[in-house]
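The structure under discussion appears below in the form of structure tokens.
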Amino acid sequence: MSSLAFSADDLTLSLRYQTETTEGSGRYHRLARHATWKPEETAVIVCDVWDLHHSLNAVRRVEEFAPRLNELLKDARSRGMTIVHSPSDCMDAYTDHPARKRANDAPKAAQLPDDIQSWCSRIPAEEQAVYPLDQSDGGDDDDPAEHAEWAAKLKKMGRNVGTPWLKQSDLITIDEERDYISDRGDEVWNVLEARGIKNVILTGVHVNMCVLGRPFGLRQMARNGKQVVLVRDMTDTMYNPARWPYVSHFTGTDRIISHIEKFVCPTITSDQILGGKEFRFKHDERPHVVIVIAESEYETNRTLPVFVSKYLGKQCRVTLVHGSDKERNEIPGLEALMTADVAFISVRRRTLQPKQLAIVREFVAAGKPIVGIRTASHAFSLRKESAPEGLADWPEFDAQVFGGSYTNHHGNKLKSTVSIAAKTAEHPILAGIESKSFPQGGSLYMTSPVAPEATILLTGTVEGRPAEPVAWTYQRQDGGRSFYTSMGHPEDFEHPKFIRLLLNGVHWAADLPPAKNVAIAANVDQFKKHWSLMLVPASWEAASAGVLKGYAGVAWYRCSVRPRDKWIDPAGLMFELPRQSRGVQVWFNGTELKRRPDRKRGSRFLIKKDLIEANDANLLVVRIDKGDGERGWQVAPRVLSGNRKLDLQGRWQFRIGDDPAWSNIPLPARYGTSTDIVFEP
């Protein structure tokens, strides 16, 4: 045995997770709870940290964080934790390795979980979730020229260009005397049970594919009763920013981590074990923008998350903090401001616990930039009263942070027109905004006079009343700078000029240049540009809330079907459409199926057994020709297996236009399809 001493100290962790503000709201509090784990009851699993990958950028990112991961494993070993190395498809490289033999020799568990040897595409908690990105192209974000050179290099090395991995990266040390090597779910489970493991720490790549889905991954551990966490700074994502939602690669990772925290398991960071700071990729230079939303008057709890999703993900790392739905004067998760570079405030008349308001005061005092929208001018004070006992207010917030003098607003029926202030027309916050006046969505706030240090960008006028500043910047006494706009009504978010103003304002506060090539597209364009969710059965018009009214062109649907081996008929499966559909083509895992017309049952397509991946995801794609009638399915299709049937009623992915490439994806369905379009018997 190694002479390295074990530490008997318990492991103290802060587990970050997300919970809905109220059931069904779709808004989440990001919270943390403390946990104390015994090292001898804890295992670290290293998922697929391969020696090589078909994506050069994926290799680069692994090589960047692997040294710190190796230090984490070294520390975990010294504390007495169990280390399992799981480089999938690479067991031949370790046939005679002691750690591989150790895993093989582990006593068989008294009871193996059902399906523990299979890929897990989804657990029940994810069933209603919208998957946060499109990885169906494989997620490769290489520069095309570099990718071609890298592929040529892999070929010259004698590697399979698509799957070039042969072993785990040499940057990760495997302790021959203690560690385990296995990529099998049953073997890993045997090890965990034999060693009395209750807690599992998952690390490695890629978090949107293998870390989630492998037989030893997060979903299997969570659904089978282990206390499992992801080390969120010791992972990476296969995501291409050219795909929906068209955000930074690192924002793509954040979106998956957020999905995991909501629906799968909590996360931790490496510094909780190693000390120091959490790891951050060198090319991840995004400023951290924390958006605090606690108002019910103008629905910014709805409009701002949409704005963030569409426009801020390319350049910024964003954390949304929502006020409590139960306690008016609580904002759970406000501690996120402690690590923010920019604060974005949309709060109305909340008086907070002194320790919470102190977080805001400290952020301001540090001279950090602040953005405010609409009710932020009266964020932390009541109209006339002082704060209730035990709570704290900040009546001077408007004057001190924004340089404003909000007193009231004009009547809701009085329409305001917004104009650019001539003296500041060249200000970067106004970049890309035409000089022509435009209507304001809500009532005009009375905000004047603003402080001498303020620079007015927009003014608003109501007929017969003095003009009022509507947007301005302010150089604060603490050295920081602020941007404020009294706009922010739901109708403002429908106006391209306001969207551009708000986006520019955030960029200015974060010391970023104005955004270029901002596409503020009509909703119909989303169905042309990328796959979108579509409920089945429904007409296109109804399922798109009227956006596709009148569309009669070619349309495509796709979903994922995961049949158990025992459910599959020896003759295969049958895909059935409920009506005669001559203008329909169907593909299963990339193979086009032959149509079998049936006057009584509609159109049927045979799925031969050799096309089916049992106990795994299978891609089903349907193309509807523009001449095929109903503009949507009024009855859901289904898959038949002998006398058994699986109704495919629910969410599919849908897009309009026509491209033969849409009939398949360039990787197995288990990796490329998303959790929100999975159907299982």
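Starting from 1 in every chain, residues are counted up; chains themselves are A, B, ... following the order of the structure tokens, and ligands are numbered from 1 as listed.
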| task | List every residue of stretch 297-501 of chain A that DSSP, applied to the backbone of this structure, assigns to strand (DSSP E), and report them as a ChimeraX atom specification. | result | /A:317-322,342-347,370-373,408-409,417-420,438-439,445-446,454-461,468-475,481-485
N, CA and C atoms of the current selection, written as a tab-separated table (two decimals), in the first residue's frame:
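What ended up in result25.tsv:
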```tsv
chain	number	residue	atom	x	y	z
A	317	ARG	N	-21.79	36.83	-18.80
A	317	ARG	CA	-22.24	35.74	-17.93
A	317	ARG	C	-23.31	36.33	-17.03
A	318	VAL	N	-24.50	35.78	-17.06
A	318	VAL	CA	-25.64	36.40	-16.41
A	318	VAL	C	-26.20	35.49	-15.32
A	319	THR	N	-26.47	36.09	-14.17
A	319	THR	CA	-27.18	35.41	-13.09
A	319	THR	C	-28.47	36.17	-12.83
A	320	LEU	N	-29.60	35.46	-12.87
A	320	LEU	CA	-30.89	36.06	-12.57
A	320	LEU	C	-31.23	35.80	-11.10
A	321	VAL	N	-31.58	36.87	-10.39
A	321	VAL	CA	-31.97	36.76	-8.98
A	321	VAL	C	-33.39	37.29	-8.86
A	322	HIS	N	-34.31	36.43	-8.43
A	322	HIS	CA	-35.72	36.81	-8.33
A	322	HIS	C	-36.13	37.03	-6.87
A	342	VAL	N	-21.29	43.70	-12.83
A	342	VAL	CA	-22.33	44.68	-13.11
A	342	VAL	C	-23.60	44.25	-12.38
A	343	ALA	N	-24.28	45.21	-11.75
A	343	ALA	CA	-25.59	44.94	-11.16
A	343	ALA	C	-26.66	45.59	-12.03
A	344	PHE	N	-27.71	44.84	-12.32
A	344	PHE	CA	-28.84	45.31	-13.11
A	344	PHE	C	-30.05	45.21	-12.18
A	345	ILE	N	-30.67	46.35	-11.88
A	345	ILE	CA	-31.72	46.40	-10.86
A	345	ILE	C	-33.09	46.65	-11.50
A	346	SER	N	-34.03	45.75	-11.21
A	346	SER	CA	-35.44	45.94	-11.56
A	346	SER	C	-36.26	45.56	-10.32
A	347	VAL	N	-36.28	46.47	-9.38
A	347	VAL	CA	-36.89	46.24	-8.07
A	347	VAL	C	-37.85	47.39	-7.79
A	370	ILE	N	-23.67	50.03	-12.42
A	370	ILE	CA	-25.05	49.64	-12.13
A	370	ILE	C	-25.96	50.08	-13.27
A	371	VAL	N	-26.87	49.20	-13.65
A	371	VAL	CA	-27.92	49.48	-14.62
A	371	VAL	C	-29.25	49.43	-13.89
A	372	GLY	N	-30.11	50.40	-14.16
A	372	GLY	CA	-31.44	50.40	-13.55
A	372	GLY	C	-32.51	50.57	-14.60
A	373	ILE	N	-33.64	49.94	-14.37
A	373	ILE	CA	-34.74	50.01	-15.32
A	373	ILE	C	-36.03	50.32	-14.57
A	408	ASN	N	-43.10	60.75	-9.37
A	408	ASN	CA	-44.36	60.09	-9.73
A	408	ASN	C	-44.33	59.81	-11.23
A	409	HIS	N	-45.48	59.48	-11.80
A	409	HIS	CA	-45.54	59.30	-13.25
A	409	HIS	C	-46.84	59.92	-13.77
A	417	THR	N	-43.86	60.31	-26.21
A	417	THR	CA	-42.98	60.11	-27.35
A	417	THR	C	-41.54	60.30	-26.90
A	418	VAL	N	-40.67	59.37	-27.28
A	418	VAL	CA	-39.27	59.38	-26.84
A	418	VAL	C	-38.39	59.87	-27.98
A	419	SER	N	-37.47	60.79	-27.65
A	419	SER	CA	-36.55	61.36	-28.65
A	419	SER	C	-35.13	61.31	-28.13
A	420	ILE	N	-34.18	61.24	-29.07
A	420	ILE	CA	-32.76	61.25	-28.72
A	420	ILE	C	-32.34	62.69	-28.42
A	438	PHE	N	-39.83	57.68	-31.17
A	438	PHE	CA	-40.63	56.46	-31.11
A	438	PHE	C	-41.52	56.49	-29.87
A	439	PRO	N	-42.60	55.72	-29.87
A	439	PRO	CA	-43.54	55.75	-28.75
A	439	PRO	C	-43.03	54.98	-27.54
A	445	TYR	N	-42.38	58.69	-16.65
A	445	TYR	CA	-41.96	59.00	-15.27
A	445	TYR	C	-41.52	60.46	-15.16
A	446	MET	N	-41.83	61.05	-14.01
A	446	MET	CA	-41.33	62.38	-13.68
A	446	MET	C	-40.01	62.21	-12.94
A	454	ALA	N	-25.04	63.88	-14.55
A	454	ALA	CA	-25.78	62.99	-15.45
A	454	ALA	C	-25.67	63.47	-16.89
A	455	THR	N	-25.66	62.52	-17.82
A	455	THR	CA	-25.68	62.82	-19.25
A	455	THR	C	-26.97	62.26	-19.83
A	456	ILE	N	-27.87	63.15	-20.22
A	456	ILE	CA	-29.18	62.72	-20.72
A	456	ILE	C	-29.05	62.20	-22.14
A	457	LEU	N	-29.61	61.01	-22.38
A	457	LEU	CA	-29.56	60.38	-23.69
A	457	LEU	C	-30.89	60.43	-24.41
A	458	LEU	N	-31.97	60.23	-23.69
A	458	LEU	CA	-33.32	60.24	-24.26
A	458	LEU	C	-34.23	61.09	-23.39
A	459	THR	N	-35.16	61.76	-24.03
A	459	THR	CA	-36.19	62.48	-23.30
A	459	THR	C	-37.55	62.01	-23.79
A	460	GLY	N	-38.55	62.18	-22.91
A	460	GLY	CA	-39.91	61.82	-23.27
A	460	GLY	C	-40.84	63.00	-23.08
A	461	THR	N	-41.83	63.11	-23.93
A	461	THR	CA	-42.77	64.22	-23.84
A	461	THR	C	-44.20	63.72	-23.91
A	468	GLU	N	-39.32	65.12	-19.96
A	468	GLU	CA	-38.66	64.45	-18.84
A	468	GLU	C	-37.52	63.57	-19.36
A	469	PRO	N	-36.41	63.52	-18.63
A	469	PRO	CA	-35.35	62.56	-19.01
A	469	PRO	C	-35.89	61.13	-18.94
A	470	VAL	N	-35.58	60.34	-19.95
A	470	VAL	CA	-36.05	58.96	-20.02
A	470	VAL	C	-34.88	57.97	-19.90
A	471	ALA	N	-33.69	58.39	-20.32
A	471	ALA	CA	-32.51	57.53	-20.19
A	471	ALA	C	-31.29	58.42	-20.02
A	472	TRP	N	-30.40	58.05	-19.10
A	472	TRP	CA	-29.20	58.84	-18.89
A	472	TRP	C	-28.11	58.01	-18.21
A	473	THR	N	-26.92	58.51	-18.27
A	473	THR	CA	-25.81	57.93	-17.51
A	473	THR	C	-25.47	58.87	-16.36
A	474	TYR	N	-24.78	58.32	-15.36
A	474	TYR	CA	-24.47	59.13	-14.17
A	474	TYR	C	-23.13	58.69	-13.60
A	475	GLN	N	-22.26	59.68	-13.40
A	475	GLN	CA	-20.98	59.43	-12.75
A	475	GLN	C	-21.18	59.62	-11.25
A	481	ARG	N	-20.11	54.20	-12.19
A	481	ARG	CA	-20.98	54.83	-13.16
A	481	ARG	C	-22.26	54.01	-13.32
A	482	SER	N	-23.33	54.68	-13.64
A	482	SER	CA	-24.64	54.04	-13.73
A	482	SER	C	-25.33	54.42	-15.03
A	483	PHE	N	-26.19	53.52	-15.49
A	483	PHE	CA	-27.09	53.81	-16.59
A	483	PHE	C	-28.51	53.51	-16.12
A	484	TYR	N	-29.41	54.44	-16.37
A	484	TYR	CA	-30.81	54.25	-15.95
A	484	TYR	C	-31.73	54.64	-17.08
A	485	THR	N	-32.82	53.88	-17.23
A	485	THR	CA	-33.91	54.27	-18.11
A	485	THR	C	-35.23	54.05	-17.39
```
| task | Please provide as a PyMOL selection string all residues within 9 Å of A:Pro428, with the sequence filter that same-chain residues fewer than 6 positions apart are discarded (counting only C-alpha atoms). | result | chain A and resi 504-505+508+513-514
| Distance query A:Ala399 at most 12 Å, only C-alpha atoms, self and fewer than 3 positions along chain excluded, as a list in words |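 The residues that qualify are Ala376, Ser377, His378, Ala379, Trp394, Pro395, Glu396, Phe402, Gly403, Gly404, Ser405, Tyr406, Thr407, Thr447, Ser448, Pro449, Val450, Ala451, Pro452, Glu453, Ala454, Tyr474, Gln475, Arg476, Gln477, Ser482 and Tyr484 of chain A.
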| task | Find the spatial neighbours of A:Leu334, counting only C-alpha atoms, within a cut-off of 10 Å - ignore same-chain residues fewer than 4 positions away - and output them as an MDAnalysis selection string. | result | chainID A and resid 29:31 290:292 320:323 330 338 356:357 359:360
Take the residues just selected and output them with N, CA and C atoms as a CSV table (one decimal), in the first residue's frame.
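Output (again_24.csv):
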```csv
chain,number,residue,atom,x,y,z
A,29,HIS,N,-34.9,30.4,-7.9
A,29,HIS,CA,-34.0,30.9,-6.9
A,29,HIS,C,-32.7,30.0,-7.0
A,30,ARG,N,-31.6,30.7,-7.1
A,30,ARG,CA,-30.3,29.9,-7.1
A,30,ARG,C,-29.8,30.0,-5.6
A,31,LEU,N,-29.7,28.9,-4.9
A,31,LEU,CA,-29.5,28.8,-3.5
A,31,LEU,C,-28.3,27.9,-3.2
A,290,VAL,N,-25.3,40.5,-12.8
A,290,VAL,CA,-26.3,40.0,-11.9
A,290,VAL,C,-27.6,40.8,-12.1
A,291,ILE,N,-28.7,40.2,-12.5
A,291,ILE,CA,-29.9,40.9,-12.7
A,291,ILE,C,-30.9,40.6,-11.6
A,292,VAL,N,-31.2,41.6,-10.8
A,292,VAL,CA,-32.1,41.5,-9.6
A,292,VAL,C,-33.5,41.9,-10.0
A,320,LEU,N,-29.6,35.5,-12.9
A,320,LEU,CA,-30.9,36.1,-12.6
A,320,LEU,C,-31.2,35.8,-11.1
A,321,VAL,N,-31.6,36.9,-10.4
A,321,VAL,CA,-32.0,36.8,-9.0
A,321,VAL,C,-33.4,37.3,-8.9
A,322,HIS,N,-34.3,36.4,-8.4
A,322,HIS,CA,-35.7,36.8,-8.3
A,322,HIS,C,-36.1,37.0,-6.9
A,323,GLY,N,-37.0,38.0,-6.7
A,323,GLY,CA,-37.6,38.2,-5.4
A,323,GLY,C,-38.5,37.1,-5.0
A,330,GLU,N,-38.1,39.8,0.7
A,330,GLU,CA,-36.9,38.8,0.6
A,330,GLU,C,-36.5,38.7,-0.8
A,338,MET,N,-22.1,39.6,-4.8
A,338,MET,CA,-20.7,39.7,-4.2
A,338,MET,C,-19.7,39.3,-5.3
A,356,GLN,N,-29.1,42.0,3.8
A,356,GLN,CA,-29.3,41.9,2.4
A,356,GLN,C,-29.1,43.3,1.7
A,357,LEU,N,-29.6,44.3,2.3
A,357,LEU,CA,-29.4,45.6,1.8
A,357,LEU,C,-28.0,46.0,1.9
A,359,ILE,N,-25.5,44.1,1.2
A,359,ILE,CA,-24.9,43.6,0.0
A,359,ILE,C,-24.9,44.6,-1.1
A,360,VAL,N,-26.1,45.2,-1.3
A,360,VAL,CA,-26.3,46.2,-2.4
A,360,VAL,C,-25.4,47.5,-2.1
```
| message | List as a PyMOL selection string the protein and nucleic acid residues near stretch 234-243 of chain A, meaning an atom at most 9 Å away when only C-alpha atoms are counted, but skip any in the same chain fewer than 5 places from it. | response | chain A and resi 55+58+61-62+65-66+68-69+133-142+202-209+211+248-250+252-253+256+269-270+279+314+530
Atoms kept (C-alpha atoms) for selection, written as a tab-separated table (two decimals), in the first residue's frame:
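result-v4.tsv, freshly written:
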```tsv
chain	number	residue	atom	x	y	z
A	55	SER	CA	-12.65	18.65	-31.69
A	58	ALA	CA	-12.32	20.39	-26.83
A	61	ARG	CA	-10.00	23.06	-22.94
A	62	VAL	CA	-9.40	19.64	-21.36
A	65	PHE	CA	-8.35	22.33	-16.70
A	66	ALA	CA	-6.86	18.81	-16.39
A	68	ARG	CA	-6.22	21.33	-11.61
A	69	LEU	CA	-8.46	18.28	-11.84
A	133	LEU	CA	-29.28	24.36	-26.17
A	134	ASP	CA	-29.02	22.59	-29.51
A	135	GLN	CA	-26.18	20.06	-29.60
A	136	SER	CA	-27.49	18.07	-32.56
A	137	ASP	CA	-24.56	19.11	-34.76
A	138	GLY	CA	-22.17	17.46	-32.32
A	139	GLY	CA	-21.20	20.70	-30.61
A	140	ASP	CA	-17.89	21.13	-32.41
A	141	ASP	CA	-16.83	24.80	-32.19
A	142	ASP	CA	-13.50	24.54	-34.05
A	202	LEU	CA	-18.69	13.84	-10.92
A	203	THR	CA	-15.98	15.56	-12.95
A	204	GLY	CA	-14.89	15.46	-16.57
A	205	VAL	CA	-16.47	15.97	-19.99
A	206	HIS	CA	-18.73	16.66	-21.67
A	207	VAL	CA	-21.37	17.83	-19.28
A	208	ASN	CA	-24.23	18.03	-21.79
A	209	MET	CA	-23.57	14.54	-23.09
A	211	VAL	CA	-21.35	13.45	-17.77
A	248	SER	CA	-20.83	32.08	-26.11
A	249	HIS	CA	-19.48	28.55	-25.72
A	250	PHE	CA	-19.05	29.28	-22.02
A	252	GLY	CA	-23.66	27.25	-23.27
A	253	THR	CA	-21.90	25.49	-20.40
A	256	ILE	CA	-26.40	23.23	-19.00
A	269	THR	CA	-16.53	24.08	-7.30
A	270	SER	CA	-12.98	22.81	-7.05
A	279	PHE	CA	-11.16	27.52	-12.17
A	314	LYS	CA	-22.75	36.16	-26.34
A	530	HIS	CA	-33.39	26.65	-35.94
```
